[in-house]
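Novice: Dropping in model.txt, which is compact mmCIF, C-alpha atoms and all ligand atoms:
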```txt
# COMPACT_ATOMS: atom_id res chain seq x y z
CA MET V 1 32.47 23.87 88.31
CA ALA V 2 29.92 26.09 89.98
CA SER V 3 26.38 27.04 89.01
CA LYS V 4 24.03 29.53 90.63
CA ALA V 5 21.49 31.88 88.98
CA ALA V 6 23.98 34.47 87.79
CA THR V 7 23.13 38.14 87.66
CA SER V 8 26.09 40.44 87.42
CA SER V 9 26.69 40.50 91.16
CA SER V 10 25.91 36.88 91.85
CA ILE V 11 28.47 35.09 89.71
CA PRO V 12 30.49 33.22 92.40
CA THR V 13 33.69 35.23 92.63
CA ALA V 14 35.82 32.10 92.66
CA ASP V 15 34.46 31.16 89.26
CA LEU V 16 34.77 34.67 87.93
CA GLU V 17 38.36 34.97 89.15
CA SER V 18 39.49 31.59 87.83
CA PHE V 19 37.65 32.24 84.58
CA SER V 20 39.03 35.78 84.23
CA SER V 21 42.62 34.67 84.69
CA HIS V 22 42.16 31.85 82.18
CA LEU V 23 40.44 34.21 79.73
CA GLN V 24 43.32 36.68 79.96
CA SER V 25 45.93 33.98 79.47
CA SER V 26 44.03 32.41 76.56
CA ARG V 27 45.63 32.86 73.14
CA ARG V 28 43.21 30.85 71.00
CA ILE V 29 39.50 31.12 71.76
CA LEU V 30 36.44 29.65 70.06
CA ALA V 31 32.79 30.47 70.68
CA LEU V 32 29.68 28.45 69.78
CA LEU V 33 26.47 30.49 69.77
CA GLY V 34 22.83 29.38 69.81
CA ALA V 35 19.31 30.77 69.90
CA GLY V 36 19.55 31.55 73.62
CA LEU V 37 21.94 34.40 72.74
CA SER V 38 19.07 36.22 71.00
CA ALA V 39 16.35 35.21 73.48
CA SER V 40 16.46 38.48 75.41
CA SER V 41 16.26 40.35 72.10
CA GLY V 42 12.77 38.86 71.92
CA LEU V 43 13.44 36.05 69.41
CA PRO V 44 12.04 32.60 70.25
CA THR V 45 14.47 29.70 70.69
CA PHE V 46 13.85 26.29 69.12
CA ARG V 47 13.29 24.53 72.43
CA GLY V 48 10.34 25.17 74.66
CA ALA V 49 7.52 27.43 73.54
CA GLY V 50 9.61 28.87 70.73
CA GLY V 51 9.94 25.47 69.13
CA LEU V 52 6.41 25.64 67.78
CA TRP V 53 5.27 27.92 64.97
CA ARG V 54 1.49 27.69 64.81
CA THR V 55 0.94 23.93 65.02
CA HIS V 56 4.23 23.14 63.31
CA ASP V 57 7.42 22.02 65.00
CA ALA V 58 10.00 24.56 63.78
CA VAL V 59 12.48 21.76 63.07
CA SER V 60 9.98 20.07 60.72
CA LEU V 61 9.52 23.28 58.73
CA ALA V 62 13.31 23.67 58.39
CA THR V 63 13.62 20.80 55.88
CA PRO V 64 13.78 20.49 52.05
CA GLU V 65 10.85 18.08 52.30
CA ALA V 66 8.61 20.71 53.95
CA PHE V 67 9.56 23.23 51.24
CA GLN V 68 8.85 20.67 48.53
CA ALA V 69 5.46 19.87 50.09
CA ASP V 70 4.30 23.44 50.82
CA PRO V 71 6.68 26.26 49.79
CA GLY V 72 4.01 28.86 50.65
CA LEU V 73 3.80 27.74 54.28
CA VAL V 74 7.58 27.50 54.64
CA TRP V 75 7.97 30.98 53.18
CA GLN V 76 5.36 32.36 55.58
CA PHE V 77 7.42 30.80 58.43
CA TYR V 78 10.68 32.33 57.22
CA ASN V 79 9.18 35.66 56.22
CA TYR V 80 7.78 35.87 59.78
CA ARG V 81 11.20 35.10 61.28
CA ARG V 82 12.82 37.71 58.98
CA HIS V 83 10.20 40.21 60.13
CA MET V 84 10.78 39.44 63.82
CA ALA V 85 14.56 39.52 63.43
CA LEU V 86 14.45 42.88 61.62
CA ARG V 87 12.33 44.30 64.45
CA ALA V 88 14.63 42.90 67.15
CA GLN V 89 17.73 44.66 68.48
CA PRO V 90 21.10 43.09 69.31
CA ASN V 91 21.55 42.76 73.09
CA ASN V 92 24.61 43.33 75.29
CA ALA V 93 25.87 39.79 74.75
CA HIS V 94 26.02 40.40 70.98
CA TYR V 95 27.94 43.65 71.62
CA ALA V 96 30.27 42.05 74.16
CA LEU V 97 31.23 39.22 71.79
CA ALA V 98 31.79 41.72 68.97
CA GLN V 99 34.09 43.69 71.29
CA LEU V 100 35.98 40.53 72.29
CA ALA V 101 36.47 39.71 68.59
CA ARG V 102 37.93 43.19 68.01
CA LYS V 103 40.26 42.86 71.00
CA THR V 104 41.42 39.24 70.56
CA ARG V 105 43.60 38.26 67.63
CA ASP V 106 42.82 34.54 67.65
CA PHE V 107 39.09 34.39 68.50
CA GLU V 108 36.70 32.69 66.04
CA THR V 109 32.92 32.66 66.55
CA LEU V 110 30.74 29.82 65.24
CA SER V 111 27.08 30.89 65.15
CA GLN V 112 24.12 28.62 64.65
CA ASN V 113 21.92 31.71 64.56
CA VAL V 114 20.44 32.94 61.28
CA ASP V 115 18.92 36.18 62.73
CA GLY V 116 21.67 38.64 61.75
CA LEU V 117 21.91 40.19 65.24
CA SER V 118 25.65 39.49 65.74
CA GLN V 119 26.35 41.23 62.43
CA ARG V 120 24.15 44.19 63.48
CA ALA V 121 26.12 44.41 66.74
CA GLY V 122 29.23 44.98 64.60
CA HIS V 123 30.82 41.56 65.06
CA PRO V 124 33.76 41.55 62.59
CA GLY V 125 32.57 39.57 59.54
CA ASP V 126 35.87 37.73 59.05
CA LYS V 127 35.66 36.34 62.62
CA LEU V 128 31.98 35.34 62.56
CA HIS V 129 31.15 32.02 60.88
CA LEU V 130 27.49 31.35 60.10
CA LEU V 131 27.21 27.56 60.31
CA HIS V 132 23.54 27.49 59.34
CA GLY V 133 23.33 30.38 56.89
CA SER V 134 21.24 33.55 57.20
CA LEU V 135 17.55 34.47 57.00
CA PHE V 136 18.64 37.40 54.83
CA ASP V 137 20.34 35.39 52.11
CA ILE V 138 18.05 34.04 49.40
CA LYS V 139 18.98 31.38 46.87
CA CYS V 140 17.41 29.32 44.09
CA GLY V 141 15.72 26.12 45.26
CA GLU V 142 16.86 24.19 42.20
CA PHE V 143 20.01 22.11 42.95
CA PHE V 144 21.42 22.82 39.47
CA CYS V 145 21.12 26.63 39.86
CA ASP V 146 23.72 28.58 41.89
CA TYR V 147 21.78 31.85 42.08
CA VAL V 148 22.27 33.52 45.50
CA GLN V 149 21.25 36.98 46.76
CA LYS V 150 23.16 38.05 49.90
CA ASP V 151 21.76 40.47 52.51
CA ASN V 152 18.24 40.88 51.16
CA PHE V 153 16.37 42.72 53.94
CA THR V 154 13.22 43.36 51.93
CA ASN V 155 10.24 43.00 54.30
CA PRO V 156 7.94 41.38 53.31
CA VAL V 157 10.24 39.45 50.98
CA VAL V 158 7.37 39.60 48.39
CA PRO V 159 4.01 41.48 48.78
CA ALA V 160 2.02 38.22 49.04
CA LEU V 161 3.89 37.40 52.27
CA ALA V 162 2.94 40.64 54.05
CA ILE V 163 2.02 39.92 57.67
CA PRO V 164 -1.84 40.21 57.69
CA THR V 165 -3.46 42.98 59.70
CA GLY V 166 -6.99 41.70 59.40
CA GLU V 167 -7.72 44.55 56.95
CA ILE V 168 -9.35 43.27 53.72
CA ASP V 169 -6.95 45.15 51.42
CA PRO V 170 -3.38 44.70 52.80
CA THR V 171 -2.11 47.57 50.59
CA SER V 172 -4.69 50.10 51.95
CA ASN V 173 -3.72 53.01 54.26
CA ALA V 174 -5.87 51.46 56.99
CA ALA V 175 -3.85 48.26 56.67
CA ARG V 176 -0.58 50.21 56.77
CA GLY V 177 -1.58 51.66 60.17
CA ALA V 178 -3.25 48.56 61.51
CA ARG V 179 -1.62 46.25 64.06
CA GLU V 180 -0.18 43.07 62.57
CA LEU V 181 -1.81 39.81 63.49
CA ASP V 182 0.43 37.33 65.33
CA ILE V 183 0.57 34.60 62.66
CA SER V 184 2.67 32.37 64.95
CA ASP V 185 -0.61 31.78 66.77
CA GLU V 186 -2.55 29.00 65.06
CA LYS V 187 -5.82 30.74 65.96
CA VAL V 188 -4.97 33.50 63.47
CA GLU V 189 -6.06 32.60 59.95
CA LEU V 190 -3.06 32.29 57.62
CA PRO V 191 -3.78 33.63 54.10
CA GLU V 192 -3.15 31.17 51.23
CA VAL V 193 -0.09 32.16 49.18
CA ALA V 194 -0.10 30.96 45.57
CA ILE V 195 3.17 29.53 44.17
CA ARG V 196 3.12 32.19 41.43
CA ASP V 197 3.25 34.89 44.15
CA LEU V 198 6.39 33.40 45.76
CA PRO V 199 9.84 34.77 44.81
CA HIS V 200 11.12 33.08 41.64
CA CYS V 201 14.68 32.71 40.39
CA PRO V 202 15.68 35.47 37.94
CA LYS V 203 18.52 33.26 36.63
CA CYS V 204 17.10 29.83 35.79
CA LYS V 205 13.56 31.24 35.49
CA THR V 206 12.12 27.95 36.78
CA GLY V 207 13.18 27.68 40.41
CA ILE V 208 11.36 29.11 43.43
CA LEU V 209 13.76 31.09 45.61
CA ARG V 210 14.27 29.78 49.15
CA PRO V 211 15.80 31.17 52.37
CA GLY V 212 19.63 30.88 52.39
CA VAL V 213 19.62 28.78 55.56
CA VAL V 214 20.91 25.21 56.06
CA TRP V 215 17.97 22.88 56.47
CA PHE V 216 18.08 19.59 58.38
CA GLY V 217 19.62 16.93 56.16
CA GLU V 218 21.61 19.54 54.25
CA ALA V 219 25.36 20.05 54.37
CA LEU V 220 26.86 23.07 56.12
CA PRO V 221 28.60 25.74 53.94
CA ARG V 222 31.76 24.07 52.60
CA ASP V 223 34.04 27.16 52.70
CA THR V 224 32.97 27.99 56.25
CA ILE V 225 33.65 24.43 57.47
CA ARG V 226 36.97 24.35 55.66
CA TYR V 227 38.06 27.70 57.21
CA ILE V 228 37.11 26.53 60.72
CA ASP V 229 38.83 23.17 60.33
CA ASP V 230 41.99 24.90 59.08
CA TRP V 231 41.89 27.24 62.10
CA ILE V 232 41.35 24.32 64.49
CA HIS V 233 44.19 22.31 62.93
CA ALA V 234 46.53 25.33 62.59
CA THR V 235 48.02 24.50 65.99
CA ASN V 236 47.24 21.63 68.36
CA LYS V 237 46.11 24.02 71.10
CA ILE V 238 42.83 25.77 71.80
CA ASP V 239 42.68 27.44 75.21
CA LEU V 240 38.99 28.18 75.69
CA ILE V 241 35.57 27.57 74.10
CA LEU V 242 32.62 29.77 75.09
CA VAL V 243 29.30 27.90 74.67
CA ILE V 244 26.53 30.49 74.78
CA GLY V 245 22.76 29.93 74.69
CA THR V 246 22.77 26.61 72.91
CA SER V 247 21.27 23.22 73.80
CA ALA V 248 24.11 21.77 71.69
CA LYS V 249 21.85 19.09 70.28
CA VAL V 250 22.29 19.80 66.57
CA TYR V 251 25.26 18.33 64.68
CA PRO V 252 27.85 18.88 63.39
CA ALA V 253 27.70 22.28 65.19
CA ALA V 254 27.53 20.75 68.69
CA GLY V 255 30.54 18.56 67.89
CA TYR V 256 32.91 21.54 68.00
CA VAL V 257 32.79 21.55 71.83
CA ASP V 258 34.47 18.17 72.08
CA THR V 259 36.75 19.01 69.16
CA ALA V 260 38.00 22.06 71.08
CA ARG V 261 38.21 20.07 74.30
CA ALA V 262 40.37 17.49 72.50
CA ARG V 263 42.81 20.37 71.85
CA GLY V 264 43.02 21.24 75.53
CA ALA V 265 40.26 23.85 75.61
CA ARG V 266 38.48 24.56 78.88
CA VAL V 267 34.73 25.05 78.42
CA ALA V 268 32.70 27.99 79.71
CA VAL V 269 28.94 27.62 79.33
CA VAL V 270 26.41 30.44 79.62
CA ASN V 271 22.85 29.13 79.75
CA THR V 272 19.66 29.70 81.72
CA GLU V 273 19.14 25.95 82.04
CA ARG V 274 21.44 23.89 84.21
CA THR V 275 20.52 20.85 82.13
CA ASP V 276 21.95 22.02 78.85
CA ALA V 277 25.62 21.20 79.31
CA PRO V 278 27.18 20.43 75.91
CA GLY V 279 28.81 17.31 74.50
CA SER V 280 30.32 14.99 77.04
CA GLY V 281 29.35 17.15 80.03
CA LEU V 282 31.51 19.49 82.11
CA THR V 283 34.51 18.75 84.33
CA LYS V 284 35.86 20.68 87.32
CA LYS V 285 38.19 22.48 84.93
CA ASP V 286 35.14 24.04 83.20
CA TRP V 287 32.70 26.83 84.09
CA PHE V 288 28.92 27.00 84.09
CA PHE V 289 27.42 30.48 84.35
CA GLN V 290 23.68 30.14 84.79
CA GLY V 291 21.70 33.14 83.62
CA ASP V 292 20.61 35.39 80.77
CA ALA V 293 23.40 35.71 78.20
CA ALA V 294 22.69 39.45 77.81
CA GLU V 295 23.53 39.86 81.51
CA VAL V 296 26.27 37.31 82.00
CA VAL V 297 28.41 37.58 78.84
CA PRO V 298 29.36 41.29 79.28
CA GLN V 299 30.20 40.48 82.91
CA ILE V 300 32.49 37.51 82.33
CA LEU V 301 34.26 39.16 79.36
CA LYS V 302 34.89 42.42 81.25
CA PRO V 303 38.59 41.63 81.95
CA ILE V 304 39.21 41.87 78.19
CA ILE V 305 36.46 44.17 76.90
CA GLY V 306 36.05 46.45 79.93
CA GLU V 307 32.74 48.33 80.20
CA LEU V 308 30.71 47.92 77.00
CA GLU V 309 31.05 51.11 74.87
CA THR V 310 28.04 50.27 72.74
CA ARG V 311 25.17 49.10 74.86
CA ALA V 312 21.84 47.76 73.63
CA GLN V 313 19.14 50.45 73.59
CA GLN V 314 16.98 49.68 76.58
CA ALA V 315 13.61 48.68 74.94
C1 LIG O 1 23.60 17.32 58.14
C2 LIG O 1 18.88 26.78 60.18
C3 LIG O 1 24.37 15.80 56.52
C4 LIG O 1 17.45 26.71 59.75
C5 LIG O 1 19.34 24.84 61.61
C6 LIG O 1 24.70 13.32 64.64
C7 LIG O 1 23.91 12.87 65.65
C8 LIG O 1 22.51 13.05 65.56
C9 LIG O 1 21.91 13.72 64.48
C10 LIG O 1 22.71 14.14 63.48
C11 LIG O 1 24.09 13.94 63.55
N1 LIG O 1 24.61 14.49 62.44
C12 LIG O 1 23.62 15.03 61.68
C13 LIG O 1 22.45 14.81 62.29
C14 LIG O 1 21.16 15.26 61.80
C15 LIG O 1 20.86 16.73 62.13
C16 LIG O 1 20.78 16.93 63.61
O1 LIG O 1 21.72 17.35 64.25
N2 LIG O 1 19.59 16.64 64.14
C17 LIG O 1 19.36 16.90 65.58
C18 LIG O 1 17.96 17.45 65.72
C19 LIG O 1 19.58 15.69 66.39
N3 LIG O 1 21.85 17.61 61.55
C20 LIG O 1 21.64 18.02 60.27
O2 LIG O 1 20.69 17.70 59.59
C21 LIG O 1 22.71 18.94 59.69
N4 LIG O 1 23.04 18.52 58.35
O3 LIG O 1 23.92 16.57 59.02
O4 LIG O 1 23.78 17.07 56.82
C22 LIG O 1 24.89 15.96 55.18
C23 LIG O 1 26.26 15.97 55.04
C24 LIG O 1 26.78 16.08 53.75
C25 LIG O 1 25.92 16.20 52.64
C26 LIG O 1 24.54 16.24 52.84
C27 LIG O 1 24.01 16.13 54.13
C28 LIG O 1 22.15 20.40 59.52
C29 LIG O 1 21.75 20.96 60.82
C30 LIG O 1 21.36 22.45 60.64
C31 LIG O 1 19.88 22.63 60.59
N5 LIG O 1 19.53 24.06 60.54
N6 LIG O 1 19.06 26.17 61.49
C32 LIG O 1 16.53 27.51 60.63
O5 LIG O 1 17.00 28.17 61.56
O6 LIG O 1 15.32 27.49 60.33
S1 LIG O 1 19.51 24.12 63.17
C33 LIG O 1 18.75 25.23 64.27
O7 LIG O 1 18.38 24.45 65.38
C34 LIG O 1 19.63 26.32 64.82
O8 LIG O 1 20.48 26.86 63.86
C35 LIG O 1 20.39 25.58 65.92
O9 LIG O 1 21.46 24.87 65.41
C36 LIG O 1 19.36 24.57 66.39
C37 LIG O 1 18.69 25.05 67.64
O10 LIG O 1 19.60 24.86 68.66
P1 LIG O 1 19.96 26.10 69.64
O11 LIG O 1 20.38 27.27 68.84
O12 LIG O 1 20.85 25.56 70.67
O13 LIG O 1 18.54 26.51 70.25
P2 LIG O 1 17.66 25.68 71.29
O14 LIG O 1 16.33 26.33 71.28
O15 LIG O 1 17.75 24.23 71.03
O16 LIG O 1 18.37 25.96 72.70
C38 LIG O 1 18.41 27.27 73.20
C39 LIG O 1 19.31 27.18 74.43
O17 LIG O 1 19.45 28.50 74.96
C40 LIG O 1 18.73 26.30 75.54
O18 LIG O 1 19.78 25.56 76.08
C41 LIG O 1 18.19 27.32 76.55
O19 LIG O 1 18.28 26.82 77.87
C42 LIG O 1 19.15 28.48 76.35
N7 LIG O 1 18.61 29.80 76.66
C43 LIG O 1 17.34 30.24 76.48
N8 LIG O 1 17.25 31.57 76.83
C44 LIG O 1 18.51 31.95 77.20
C45 LIG O 1 19.38 30.83 77.08
N9 LIG O 1 20.70 30.89 77.38
C46 LIG O 1 21.19 32.11 77.80
N10 LIG O 1 20.41 33.23 77.92
C47 LIG O 1 19.08 33.19 77.64
N11 LIG O 1 18.34 34.29 77.77
```
Show how you would write the structure in this file as structure tokens.
Specialist:
Amino acid sequence: MASKAATSSSIPTADLESFSSHLQSSRRILALLGAGLSASSGLPTFRGAGGLWRTHDAVSLATPEAFQADPGLVWQFYNYRRHMALRAQPNNAHYALAQLARKTRDFETLSQNVDGLSQRAGHPGDKLHLLHGSLFDIKCGEFFCDYVQKDNFTNPVVPALAIPTGEIDPTSNAARGARELDISDEKVELPEVAIRDLPHCPKCKTGILRPGVVWFGEALPRDTIRYIDDWIHATNKIDLILVIGTSAKVYPAAGYVDTARARGARVAVVNTERTDAPGSGLTKKDWFFQGDAAEVVPQILKPIIGELETRAQQA
């Protein structure tokens, strides 16, 4: 297992060769994706600086309790992340994985990301499994109501959540042209949002709508988990698991690395941090490619996907 800051030319050939031959001989491949995949698209990760939104730890806002306590604040957090995700572009790692999915019959991708960038890179929907939901699905917050709205890209999700520009009247022309304030910075005043101005459920008429993401303490989507478990148990062999841009600290998602390993999978990690090796660590049969996913993933998948047809627009 080798590790050296990998730009396209500096991935140790030995690793690239051994990885390439294993990749080409692999019949059943799994991938586990995390926030690091979208880092070079400009979206903050949960660890490090990105882990804080204003003075709030992102993880603490991603809970039913936080929504119960202050649905306005939680909606401002999610509306901001929807806004940032809509403004971001998929990068070459998103495109490379989409290409691998088109070229590999038995390749399933498990994403912890809720930003929609893999979908926008054309990753085949039937081979992309969103473990933690999507920022662009909206559902009723009442447990007894099953109202769900898929792929709602309205921005802001309701007028009251418009990102402030510092202009008094947010609907004025001046406001429309004005630069948005960075509300992730606690120094920027966050406008109060009244409960009545939050999105309400058109079905049960009582519930406040919430983002269609899986919050901490909540179960993952049953059908998705069932599909993945059926795929894993379909045969007793998995050849390779790609672990890309994740600290693999959140369960049950992180548990899939050892599940795949238990079925004979070799592990290939792409991460900027040497420290973030998943599950029970790496063995000499595994690979660690240190570097930016947008750089490294197209490089290591080249034996199957060739040169990327669709490349991210250089910002
Ligand atoms: C549940 C959606 C039960 C919302 C998210 C076992 C052990 C310990 C704890 C638990 C356990 N089982 C369950 C728990 C509790 C909890 C948990 O895991 N807690 C953690 C904190 C210890 N799990 C849960 O609560 C789960 N639910 O267990 O329910 C249950 C069962 C039945 C019935 C009822 C209840 C639900 C977990 C899902 C929570 N929702 N997201 C939202 O997004 O707002 S999790 C969220 O955080 C993300 O989806 C992701 O999963 C996680 C962040 O992790 P990463 O994506 O890896 O991002 P991170 O910033 O950490 O790391 C980025 C990495 O990229 C770093 O390694 C960095 O070095 C690297 N990187 C950075 N830049 C680049 C890069 N790499 C490459 N290129 C770059 N450019």
Novice: What residues have any atom no more than 6 Å from ligand LIG 1 (chain O) when counting all atoms listed in the file, and can you list them as a CSV table (one decimal) with C-alpha atoms, in the coordinates of the input?
Specialist:
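Once everything was written out, this is out.csv:
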```csv
chain,number,residue,atom,x,y,z
V,34,GLY,CA,22.8,29.4,69.8
V,35,ALA,CA,19.3,30.8,69.9
V,36,GLY,CA,19.6,31.6,73.6
V,37,LEU,CA,21.9,34.4,72.7
V,39,ALA,CA,16.4,35.2,73.5
V,40,SER,CA,16.5,38.5,75.4
V,45,THR,CA,14.5,29.7,70.7
V,46,PHE,CA,13.8,26.3,69.1
V,47,ARG,CA,13.3,24.5,72.4
V,62,ALA,CA,13.3,23.7,58.4
V,112,GLN,CA,24.1,28.6,64.6
V,113,ASN,CA,21.9,31.7,64.6
V,114,VAL,CA,20.4,32.9,61.3
V,132,HIS,CA,23.5,27.5,59.3
V,213,VAL,CA,19.6,28.8,55.6
V,214,VAL,CA,20.9,25.2,56.1
V,215,TRP,CA,18.0,22.9,56.5
V,216,PHE,CA,18.1,19.6,58.4
V,217,GLY,CA,19.6,16.9,56.2
V,218,GLU,CA,21.6,19.5,54.2
V,219,ALA,CA,25.4,20.0,54.4
V,245,GLY,CA,22.8,29.9,74.7
V,246,THR,CA,22.8,26.6,72.9
V,247,SER,CA,21.3,23.2,73.8
V,248,ALA,CA,24.1,21.8,71.7
V,249,LYS,CA,21.8,19.1,70.3
V,250,VAL,CA,22.3,19.8,66.6
V,251,TYR,CA,25.3,18.3,64.7
V,252,PRO,CA,27.8,18.9,63.4
V,270,VAL,CA,26.4,30.4,79.6
V,271,ASN,CA,22.8,29.1,79.8
V,272,THR,CA,19.7,29.7,81.7
V,273,GLU,CA,19.1,26.0,82.0
V,276,ASP,CA,22.0,22.0,78.8
V,291,GLY,CA,21.7,33.1,83.6
V,292,ASP,CA,20.6,35.4,80.8
V,293,ALA,CA,23.4,35.7,78.2
```
Novice: V:Lys187, V:Leu242, V:Phe288, V:Glu65: which is nearest Leu301 in chain V, counting only C-alpha atoms?
Specialist: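 Closest to Leu301 in chain V, using only C-alpha atoms: V:Leu242.
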Novice: In Å, with one decimal, what is the gap from CA of Ala58 in chain V to CA of Asp151 in chain V?
Specialist: 22.8 Å
Novice: Interatomic distance between CA of Pro191 in chain V and CA of Pro44 in chain V?
Specialist: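 Taking CA of Pro191 in chain V as the start and CA of Pro44 in chain V as the end point, the length is 22.6 Å.
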Novice: Within 12 Å of Pro156 in chain V, counting all atoms listed in the file, which residues qualify if same-chain residues fewer than 2 places away don't, as a list in words?
Specialist: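 Counting only the stated atoms, we get Trp75, Gln76, Phe77, Tyr78, Asn79, Tyr80, Arg81, Arg82, His83, Met84, Leu86, Phe136, Asn152, Phe153, Thr154, Val158, Pro159, Ala160, Leu161, Ala162, Ile163, Pro164, Pro170, Leu198 and Pro199 of chain V.
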Novice: Could you check how far CA of Ala98 in chain V sits from CA of Leu240 in chain V, in Å to one decimal?
Specialist: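 It comes out at 16.7 Å.
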Novice: Using only C-alpha atoms and a cutoff of 6 Å, can you tell me which residues are near (27.0, 44.7, 76.6) in the file's coordinates, and write them out as a ChimeraX atom specification?
Specialist: /V:92-93,95-96,298,308,311
Novice: Deliver the residues from the most recent selection as a file, using C-alpha atoms, as a short mmCIF file (atom, residue, chain, number, x, y, z; two decimals), in the coordinates of the input.
Specialist:
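Dumped everything to result-v4.cif:
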```
data_model
loop_
_atom_site.label_atom_id
_atom_site.label_comp_id
_atom_site.auth_asym_id
_atom_site.auth_seq_id
_atom_site.Cartn_x
_atom_site.Cartn_y
_atom_site.Cartn_z
CA ASN V 92 24.61 43.33 75.29
CA ALA V 93 25.87 39.79 74.75
CA TYR V 95 27.94 43.65 71.62
CA ALA V 96 30.27 42.05 74.16
CA PRO V 298 29.36 41.29 79.28
CA LEU V 308 30.71 47.92 77.00
CA ARG V 311 25.17 49.10 74.86
#
```
Novice: Looking at V:Ser184, V:Thr206, V:Thr283, V:Asn155, which one is nearest to Thr55 in chain V, with distances taken over all atoms listed in the file?
Specialist: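 Of all the options, V:Ser184 lies closest to Thr55 in chain V.
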Novice: Measuring atom to atom with all atoms listed in the file, identify which of V:Gly133, V:Gly116, V:Pro202, V:Gly264 is nearest to Asp286 in chain V.
Specialist: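 Under the stated criterion, the closest residue is V:Gly264.
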